[in-house]
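Reviewing the structure listed below.
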Amino acid sequence: MVIESLLRIPRTRIGVLIGKKGEVKSEIESIAGVAIRINSEDGSVYISSTSRTPDPTFVWKARDIVKAIGRGFSAEKAFLLLDDDVFLETIELGGSKNNIKRLKSRIIGEKGKARKMIEDGTEVFLSIFGNQVSIIGEVLAIKNAREAITQLIHGSKHGTVYRYLEQLRFKSKQEPLRIWKNNYLEES
């Protein structure tokens, strides 16, 4: 049984998907055991399983890698999606072109500060491309990043979002200590 997936990516991202001398496309095909056909005129990408596909889910992993590259991620970051615990999520920015531009500016922040704070505070990677913000990370990290981005979209001050991110960072540092402390007290 052949498993197939068809998607479109912006034509401006086809070169990244193919890579220098076809290296990125070949690497996806090799790792996932899939065949990829690219129509550079309309940006359509056809992915199908082959006799080398180790597991049917690899077609969807390849699709997510292609989708991530299409949404502005480097191939290196997109390949993180091969890990079973790493996912891609996209947030659509709505409204007029001016509104989308304003929202993107809020999410990026002055000299990229807001974007960096979100990435560092939640341990995700962000791509702000077109009218979308895409996130690569683990489930809880994506949830936290989505919350920070949503706060910015809804007009929260950057300082408020930074405090939220600092609280997340503090909690994540406290969790291993709490587990150690609970285990230590149980042994005593």
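Residues in the structure tokens are named by chain (A, B, ... in the order shown) and by number from 1 within that chain; ligands are numbered from 1 in the order shown.
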*asked:* Need to verify the contact set: Lys101 of chain A, 12 Å, only C-alpha atoms, exclusion of same-chain residues closer than 4 positions in sequence. Can you return it as a list in words?
replied: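 Returned residues: Leu93, Gly94, Gly95, Ser96, Lys97, Ser105, Arg106, Ile107, Ile108, Gly109, Ile128, Phe129, Gly130, Asn131, Gln132, Val133 and Ile153 of chain A.
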_Exercise: segment 15-24 of chain A partners within 9 Å, only C-alpha atoms, chain neighbours under 6 positions left out, as JSON, numbers by chain_ = {"A": [38, 40, 66, 69, 70, 74, 75]}
Residues of segment 130-182 of chain A that have any atom at most 12 Å from an atom of segment 78-83 of chain A: could you tabulate them with the shortest-distance atom pair and the distance in Å to one decimal, using only C-alpha atoms, ordered by chain and increasing number, as a Markdown table?
```
| residue | atom | partner | partner_atom | distance |
| --- | --- | --- | --- | --- |
| A:Ser134 | CA | A:Ala78 | CA | 11.1 |
| A:Ile135 | CA | A:Ala78 | CA | 10.4 |
| A:Ile136 | CA | A:Leu81 | CA | 7.6 |
| A:Gly137 | CA | A:Leu81 | CA | 8.3 |
| A:Glu138 | CA | A:Asp83 | CA | 9.5 |
```
*Figure out the distance between atom CA of Thr50 of chain A and atom CA of Met1 of chain A, please, to one decimal in Å.*
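Those two atoms sit 9.2 Å apart.
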*Could you pull out all residues of segment 95-149 of chain A with a DSSP call of strand (DSSP E or B) and give them as a list in words?*
Phe125, Leu126, Ser127, Ile128, Phe129, Gln132, Val133, Ser134, Ile135, Ile136 and Gly137 of chain A
*From the list A:Arg169, A:Arg11, A:Lys61, A:Lys113, which residue is nearest Ile47 of chain A when using only C-alpha atoms?*
A:Lys61
Could you write out, as a PDB file with C-alpha atoms, in the first residue's frame, all the residues of segment 2-177 of chain A that DSSP marks as helix (DSSP H, G or I)?
```pdb
ATOM      1  CA  ARG A  11       7.989  28.938  -4.698  1.00  0.00           C
ATOM      2  CA  THR A  12      10.579  31.117  -2.953  1.00  0.00           C
ATOM      3  CA  ARG A  13      11.250  28.186  -0.565  1.00  0.00           C
ATOM      4  CA  ILE A  14      11.734  25.494  -3.244  1.00  0.00           C
ATOM      5  CA  GLY A  15      15.482  26.180  -3.386  1.00  0.00           C
ATOM      6  CA  VAL A  16      15.821  25.574   0.373  1.00  0.00           C
ATOM      7  CA  LEU A  17      13.849  22.337   0.069  1.00  0.00           C
ATOM      8  CA  ILE A  18      16.040  21.075  -2.740  1.00  0.00           C
ATOM      9  CA  LYS A  20      22.673  22.716  -2.671  1.00  0.00           C
ATOM     10  CA  LYS A  21      23.079  20.001  -5.341  1.00  0.00           C
ATOM     11  CA  GLY A  22      19.818  18.404  -4.131  1.00  0.00           C
ATOM     12  CA  GLU A  23      21.263  17.516  -0.721  1.00  0.00           C
ATOM     13  CA  VAL A  24      18.243  18.451   1.435  1.00  0.00           C
ATOM     14  CA  LYS A  25      15.707  16.657  -0.753  1.00  0.00           C
ATOM     15  CA  SER A  26      17.987  13.606  -0.942  1.00  0.00           C
ATOM     16  CA  GLU A  27      18.487  13.567   2.815  1.00  0.00           C
ATOM     17  CA  ILE A  28      14.733  13.655   3.469  1.00  0.00           C
ATOM     18  CA  GLU A  29      14.219  10.837   0.964  1.00  0.00           C
ATOM     19  CA  SER A  30      17.044   8.793   2.486  1.00  0.00           C
ATOM     20  CA  ILE A  31      16.105   9.220   6.150  1.00  0.00           C
ATOM     21  CA  ALA A  32      12.344   8.795   5.685  1.00  0.00           C
ATOM     22  CA  THR A  57       4.359   7.632   9.717  1.00  0.00           C
ATOM     23  CA  PHE A  58       7.603   8.589   7.973  1.00  0.00           C
ATOM     24  CA  VAL A  59       5.547   9.963   5.068  1.00  0.00           C
ATOM     25  CA  TRP A  60       3.960  12.402   7.529  1.00  0.00           C
ATOM     26  CA  LYS A  61       7.313  13.186   9.117  1.00  0.00           C
ATOM     27  CA  ALA A  62       8.664  14.018   5.647  1.00  0.00           C
ATOM     28  CA  ARG A  63       5.544  16.127   4.994  1.00  0.00           C
ATOM     29  CA  ASP A  64       6.106  18.053   8.238  1.00  0.00           C
ATOM     30  CA  ILE A  65       9.756  18.670   7.344  1.00  0.00           C
ATOM     31  CA  VAL A  66       8.724  19.985   3.908  1.00  0.00           C
ATOM     32  CA  LYS A  67       5.967  22.085   5.507  1.00  0.00           C
ATOM     33  CA  ALA A  68       8.449  23.565   8.029  1.00  0.00           C
ATOM     34  CA  ILE A  69      10.882  24.485   5.270  1.00  0.00           C
ATOM     35  CA  GLY A  70       7.988  26.045   3.374  1.00  0.00           C
ATOM     36  CA  ALA A  75      16.469  22.545   6.759  1.00  0.00           C
ATOM     37  CA  GLU A  76      18.530  21.924   9.898  1.00  0.00           C
ATOM     38  CA  LYS A  77      15.706  23.063  12.203  1.00  0.00           C
ATOM     39  CA  ALA A  78      13.080  21.260  10.096  1.00  0.00           C
ATOM     40  CA  PHE A  79      14.970  17.965  10.542  1.00  0.00           C
ATOM     41  CA  LEU A  80      14.281  18.214  14.300  1.00  0.00           C
ATOM     42  CA  LEU A  81      10.769  17.013  13.371  1.00  0.00           C
ATOM     43  CA  LEU A  82      12.184  13.513  12.890  1.00  0.00           C
ATOM     44  CA  LYS A  97      -1.716  43.634   5.485  1.00  0.00           C
ATOM     45  CA  ASN A  98      -0.994  46.501   7.871  1.00  0.00           C
ATOM     46  CA  ASN A  99      -2.394  44.538  10.823  1.00  0.00           C
ATOM     47  CA  ILE A 100      -0.325  41.464   9.919  1.00  0.00           C
ATOM     48  CA  LYS A 101       2.779  43.625   9.617  1.00  0.00           C
ATOM     49  CA  ARG A 102       2.061  45.178  13.045  1.00  0.00           C
ATOM     50  CA  LEU A 103       1.527  41.771  14.676  1.00  0.00           C
ATOM     51  CA  LYS A 104       4.710  40.367  13.141  1.00  0.00           C
ATOM     52  CA  SER A 105       6.616  43.384  14.461  1.00  0.00           C
ATOM     53  CA  ARG A 106       5.230  42.814  17.973  1.00  0.00           C
ATOM     54  CA  ILE A 107       6.194  39.134  17.891  1.00  0.00           C
ATOM     55  CA  ILE A 108       9.687  39.848  16.597  1.00  0.00           C
ATOM     56  CA  GLU A 110      12.889  45.487  18.774  1.00  0.00           C
ATOM     57  CA  LYS A 111      16.049  43.979  17.288  1.00  0.00           C
ATOM     58  CA  GLY A 112      14.461  40.509  17.597  1.00  0.00           C
ATOM     59  CA  LYS A 113      14.270  40.646  21.396  1.00  0.00           C
ATOM     60  CA  ALA A 114      10.699  39.324  21.781  1.00  0.00           C
ATOM     61  CA  ARG A 115      11.285  36.450  19.391  1.00  0.00           C
ATOM     62  CA  LYS A 116      14.524  35.507  21.164  1.00  0.00           C
ATOM     63  CA  MET A 117      12.851  35.694  24.578  1.00  0.00           C
ATOM     64  CA  ILE A 118      10.051  33.393  23.393  1.00  0.00           C
ATOM     65  CA  GLU A 119      12.502  30.929  21.835  1.00  0.00           C
ATOM     66  CA  ASP A 120      14.823  30.891  24.845  1.00  0.00           C
ATOM     67  CA  GLY A 121      12.053  30.955  27.445  1.00  0.00           C
ATOM     68  CA  THR A 122      10.112  28.057  25.971  1.00  0.00           C
ATOM     69  CA  VAL A 139       4.207  19.767  23.081  1.00  0.00           C
ATOM     70  CA  LEU A 140       4.439  21.700  26.363  1.00  0.00           C
ATOM     71  CA  ALA A 141       7.013  24.094  24.912  1.00  0.00           C
ATOM     72  CA  ILE A 142       4.734  24.803  21.934  1.00  0.00           C
ATOM     73  CA  LYS A 143       1.800  25.410  24.291  1.00  0.00           C
ATOM     74  CA  ASN A 144       3.848  27.916  26.301  1.00  0.00           C
ATOM     75  CA  ALA A 145       5.190  29.663  23.184  1.00  0.00           C
ATOM     76  CA  ARG A 146       1.672  29.845  21.722  1.00  0.00           C
ATOM     77  CA  GLU A 147       0.478  31.491  24.945  1.00  0.00           C
ATOM     78  CA  ALA A 148       3.248  34.123  24.798  1.00  0.00           C
ATOM     79  CA  ILE A 149       2.545  34.821  21.114  1.00  0.00           C
ATOM     80  CA  THR A 150      -1.212  35.013  21.743  1.00  0.00           C
ATOM     81  CA  GLN A 151      -0.619  37.520  24.539  1.00  0.00           C
ATOM     82  CA  LEU A 152       1.372  39.711  22.149  1.00  0.00           C
ATOM     83  CA  ILE A 153      -1.265  39.364  19.410  1.00  0.00           C
ATOM     84  CA  HIS A 158       6.120  43.072  26.059  1.00  0.00           C
ATOM     85  CA  GLY A 159       7.112  43.365  29.734  1.00  0.00           C
ATOM     86  CA  THR A 160       4.087  41.290  30.752  1.00  0.00           C
ATOM     87  CA  VAL A 161       5.017  38.569  28.269  1.00  0.00           C
ATOM     88  CA  TYR A 162       8.660  38.646  29.393  1.00  0.00           C
ATOM     89  CA  ARG A 163       7.539  38.153  33.014  1.00  0.00           C
ATOM     90  CA  TYR A 164       5.388  35.204  31.912  1.00  0.00           C
ATOM     91  CA  LEU A 165       8.430  33.696  30.163  1.00  0.00           C
ATOM     92  CA  GLU A 166      10.641  34.287  33.218  1.00  0.00           C
ATOM     93  CA  GLN A 167       8.068  32.521  35.406  1.00  0.00           C
ATOM     94  CA  LEU A 168       8.141  29.561  33.010  1.00  0.00           C
ATOM     95  CA  ARG A 169      11.914  29.464  33.166  1.00  0.00           C
ATOM     96  CA  PHE A 170      11.876  29.629  36.969  1.00  0.00           C
ATOM     97  CA  LYS A 171       9.300  26.803  37.188  1.00  0.00           C
ATOM     98  CA  SER A 172      11.298  24.615  34.795  1.00  0.00           C
ATOM     99  CA  LYS A 173      14.402  25.047  36.959  1.00  0.00           C
ATOM    100  CA  GLN A 174      12.441  24.269  40.129  1.00  0.00           C
ATOM    101  CA  GLU A 175      10.828  21.066  38.799  1.00  0.00           C
ATOM    102  CA  PRO A 176      13.992  18.877  38.901  1.00  0.00           C
ATOM    103  CA  LEU A 177      14.737  20.189  42.375  1.00  0.00           C
TER     104      LEU A 177
END
```
*So, counting only C-alpha atoms, which residue among A:Pro10, A:Ser156, A:Ile91, A:Glu4 is closest to Gly43 of chain A?*
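Of A:Pro10, A:Ser156, A:Ile91, A:Glu4, the one nearest Gly43 of chain A is A:Pro10, counting only C-alpha atoms.
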*Quick one: of A:Val2, A:Ile36, A:Glu92, A:Asp84, who's nearest to Ser49 of chain A, counting only C-alpha atoms?*
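Ranking A:Val2, A:Ile36, A:Glu92, A:Asp84 by distance to Ser49 of chain A, first place goes to A:Val2.
Rounded to one decimal, atom CA of Ser127 of chain A and atom CA of Ile9 of chain A lie 14.4 Å from each other.
For the atom pair formed by atom CA of Ile3 of chain A and atom CA of Ser44 of chain A, the distance is 16.8 Å, given to one decimal.
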